[in-house]
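Colleague: Just so it is clear, I am handing over structure23.csv, which has CSV, C-alpha atoms.
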chain,number,residue,atom,x,y,z
A,1,SER,CA,-57.6,-42.2,41.7
A,2,GLU,CA,-54.4,-43.9,42.7
A,3,LEU,CA,-50.9,-42.9,41.4
A,4,THR,CA,-49.5,-45.9,39.5
A,5,ASP,CA,-45.9,-46.9,40.0
A,6,ALA,CA,-45.2,-46.4,36.3
A,7,LEU,CA,-46.5,-42.8,36.4
A,8,PHE,CA,-44.6,-42.1,39.6
A,9,ASN,CA,-41.4,-43.4,38.2
A,10,ARG,CA,-41.9,-41.4,35.0
A,11,TYR,CA,-42.4,-38.3,37.1
A,12,MET,CA,-39.3,-38.9,39.3
A,13,ASP,CA,-37.2,-39.6,36.2
A,14,ARG,CA,-38.2,-36.3,34.6
A,15,LEU,CA,-37.7,-34.5,37.9
A,16,ARG,CA,-34.1,-35.9,38.1
A,17,ARG,CA,-33.4,-34.9,34.5
A,18,HIS,CA,-34.7,-31.4,35.2
A,19,MET,CA,-32.5,-31.1,38.4
A,20,ARG,CA,-29.4,-32.4,36.4
A,21,SER,CA,-30.2,-29.8,33.7
A,22,GLN,CA,-30.4,-27.0,36.2
A,23,ASP,CA,-27.2,-28.2,37.8
A,24,PHE,CA,-25.5,-28.3,34.4
A,25,ILE,CA,-26.6,-24.8,33.6
A,26,THR,CA,-25.4,-23.5,37.0
A,27,LEU,CA,-22.1,-25.3,36.7
A,28,THR,CA,-21.6,-24.0,33.2
A,29,GLN,CA,-22.3,-20.4,34.3
A,30,GLN,CA,-19.8,-20.8,37.1
A,31,LEU,CA,-17.2,-22.2,34.8
A,32,GLN,CA,-17.7,-19.4,32.3
A,33,GLU,CA,-17.3,-16.8,35.1
A,34,GLN,CA,-14.0,-18.5,36.3
A,35,VAL,CA,-12.7,-18.6,32.7
A,36,GLN,CA,-13.4,-14.9,32.3
A,37,GLN,CA,-11.7,-14.1,35.6
A,38,ILE,CA,-8.6,-16.1,34.6
A,39,ALA,CA,-8.5,-14.3,31.2
A,40,ALA,CA,-8.8,-10.9,32.8
A,41,ARG,CA,-6.0,-11.8,35.2
A,42,LEU,CA,-3.8,-13.1,32.4
A,43,HIS,CA,-4.4,-9.9,30.4
A,44,GLN,CA,-3.7,-7.8,33.5
A,45,ASN,CA,-0.4,-9.7,34.3
A,46,VAL,CA,0.8,-10.0,30.6
A,47,PRO,CA,-0.8,-7.1,28.7
A,48,ASP,CA,1.9,-6.9,26.1
A,49,LEU,CA,1.9,-10.6,25.2
A,50,SER,CA,0.7,-10.0,21.6
A,51,ARG,CA,3.2,-7.1,21.2
A,52,GLU,CA,6.0,-9.4,22.4
A,53,ALA,CA,5.0,-12.1,19.9
A,54,LEU,CA,4.9,-9.5,17.1
A,55,ALA,CA,8.3,-8.1,18.1
A,56,HIS,CA,9.7,-11.6,18.1
A,57,GLN,CA,8.4,-12.3,14.6
A,58,LEU,CA,9.7,-9.0,13.3
A,59,ARG,CA,13.2,-9.6,14.8
A,60,ASN,CA,13.3,-12.9,12.9
A,61,ALA,CA,11.9,-11.5,9.7
A,62,PHE,CA,14.1,-8.3,9.7
A,63,PRO,CA,17.3,-9.2,11.6
A,64,HIS,CA,19.1,-6.1,10.2
A,65,ALA,CA,16.3,-3.6,11.0
A,66,ARG,CA,17.4,-0.3,12.4
A,67,MET,CA,15.9,2.1,14.9
A,68,CYS,CA,16.0,5.8,15.6
A,69,ASP,CA,18.8,6.8,17.9
A,70,ASN,CA,16.8,9.7,19.3
A,71,CYS,CA,13.4,8.2,20.2
A,72,GLY,CA,13.9,4.5,19.7
A,73,TYR,CA,11.3,4.2,16.9
A,74,GLY,CA,11.7,1.0,15.0
A,75,PRO,CA,11.9,-1.4,13.3
A,76,ILE,CA,13.0,0.4,10.2
A,77,ASP,CA,13.6,-1.9,7.2
A,78,HIS,CA,16.3,-0.1,5.2
A,79,PHE,CA,17.1,-1.1,1.6
A,80,ALA,CA,18.8,0.6,-1.3
A,81,CYS,CA,22.0,2.6,-0.9
A,82,SER,CA,23.5,3.2,2.6
A,83,ASP,CA,24.1,6.9,1.8
A,84,LEU,CA,20.8,8.3,3.2
A,85,ARG,CA,21.7,11.9,2.2
A,86,THR,CA,21.7,11.0,-1.6
A,87,HIS,CA,18.0,10.7,-2.0
A,88,HIS,CA,16.7,12.4,1.2
A,89,GLU,CA,13.9,14.8,0.3
A,90,GLN,CA,14.2,13.9,-3.4
A,91,ARG,CA,10.9,14.5,-5.3
A,92,VAL,CA,9.3,11.4,-6.7
A,93,ALA,CA,6.5,10.7,-9.1
A,94,GLY,CA,3.1,11.4,-7.7
A,95,GLY,CA,4.2,14.5,-5.8
A,96,GLY,CA,5.8,12.9,-2.8
A,97,ALA,CA,9.4,13.0,-1.5
A,98,VAL,CA,11.8,10.5,-0.1
A,99,SER,CA,12.3,10.8,3.6
A,100,ASN,CA,15.2,9.1,5.3
A,101,SER,CA,14.6,10.7,8.7
A,102,CYS,CA,12.7,9.1,11.6
A,103,PRO,CA,9.0,9.2,10.9
A,104,THR,CA,8.3,10.0,14.6
A,105,CYS,CA,10.8,12.6,15.7
A,106,GLY,CA,12.6,13.6,12.4
A,107,TRP,CA,16.1,12.5,13.6
A,108,PHE,CA,18.4,12.1,10.6
A,109,CYS,CA,21.9,10.7,10.0
A,110,ALA,CA,23.7,10.6,6.7
A,111,THR,CA,24.4,6.9,6.5
A,112,ILE,CA,22.5,3.8,7.6
A,113,ASP,CA,25.5,2.6,9.6
A,114,GLU,CA,24.8,5.5,12.1
A,115,TRP,CA,21.3,4.1,12.8
A,116,PRO,CA,21.5,1.5,15.6
A,117,LEU,CA,20.2,-2.0,15.1
A,118,TRP,CA,16.7,-2.3,16.3
A,119,ASP,CA,16.6,-3.6,19.9
A,120,GLY,CA,13.4,-5.6,19.3
A,121,ARG,CA,11.2,-3.5,21.5
A,122,PHE,CA,8.2,-1.4,20.6
A,123,ARG,CA,8.0,2.0,22.3
A,124,LYS,CA,4.9,2.5,24.4
A,125,HIS,CA,3.9,5.7,22.7
A,126,VAL,CA,3.6,4.0,19.2
A,127,ALA,CA,1.2,1.2,18.3
A,128,PRO,CA,3.1,-1.8,16.8
A,129,GLU,CA,1.0,-1.7,13.6
A,130,ASP,CA,2.1,1.9,13.1
A,131,GLN,CA,5.7,1.2,14.0
A,132,MET,CA,7.1,-0.9,11.2
A,133,HIS,CA,8.4,1.5,8.6
A,134,CYS,CA,10.3,1.4,5.4
A,135,LEU,CA,13.1,4.0,5.4
A,136,TYR,CA,12.9,4.5,1.7
A,137,THR,CA,9.4,5.9,1.0
A,138,ASP,CA,7.6,8.2,-1.3
A,139,LYS,CA,5.5,9.8,1.3
A,140,THR,CA,6.3,13.3,2.6
A,141,ALA,CA,6.2,14.0,6.3
A,142,ALA,CA,3.0,15.9,5.8
A,143,GLU,CA,1.3,12.9,4.3
A,144,ARG,CA,2.0,10.8,7.4
Starting from the file, give its structure as structure tokens.

Modeller:
Amino acid sequence: SELTDALFNRYMDRLRRHMRSQDFITLTQQLQEQVQQIAARLHQNVPDLSREALAHQLRNAFPHARMCDNCGYGPIDHFACSDLRTHHEQRVAGGGAVSNSCPTCGWFCATIDEWPLWDGRFRKHVAPEDQMHCLYTDKTAAER
């Protein structure tokens, strides 16, 4: 039995398709590996990129935010009266108390003007999602 030209051409066409398919799979895998390597290098070189973006957004949203003069904790969004001593440790409904001290180190000053403006940086020891704080709160230090 002789191999016809049509059957041979069909065989060769399928063989070429298979080879292209294998080449495509190989190239796709190589490309994925390179993308993963680039992403790893980018994260290695700029690990705080998302922290920087968040800090930028918070600086724009809270231009008058304050920070602790002792440990640098911030931003602290102050509102209400500037005399922090007036309501400090005042009992509120629900069993809590107002705390106008730094939630991280406990530093306290009597007026908001003594709290420096936030410098726009997150401190390494505090996660950004835990760092934004409202100075006027009904939580006690023990509840934090």

Colleague: Closest to Trp107 in chain A among A:Asn60, A:Thr4, A:Asn70, A:Ser21, using only C-alpha atoms?

Modeller: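 Closest to Trp107 in chain A, using only C-alpha atoms: A:Asn70.
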
Colleague: For His64 in chain A, which residue among A:Leu27, A:Asn100, A:Asp113, A:Arg51 is the nearest when counting all atoms listed in the file?

Modeller: A:Asp113

Colleague: Choose the residue, out of A:Asp69, A:Ala39, A:Tyr11, A:Gln30, that has the smallest atom-to-atom separation from Pro116 in chain A; count all atoms listed in the file.

Modeller: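 Nearest candidate to Pro116 in chain A out of A:Asp69, A:Ala39, A:Tyr11, A:Gln30: A:Asp69.
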
Colleague: Considering only C-alpha atoms, state which residue in the set A:Leu7, A:Ala65, A:Ile38, A:Leu58 is at the smallest distance from His78 in chain A.

Modeller: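 The answer is A:Ala65, which sits nearest to His78 in chain A.
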
Colleague: By how many Å are CA of Pro103 in chain A and CA of Arg123 in chain A apart?

Modeller: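 Spanning CA of Pro103 in chain A to CA of Arg123 in chain A is a straight-line distance of 13.5 Å.
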
Colleague: With all atoms listed in the file as the atoms that count, which of A:Phe8, A:Phe79, A:Trp115, A:Phe108 lies nearest to Phe62 in chain A?

Modeller: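 Closest to Phe62 in chain A, using all atoms listed in the file: A:Phe79.
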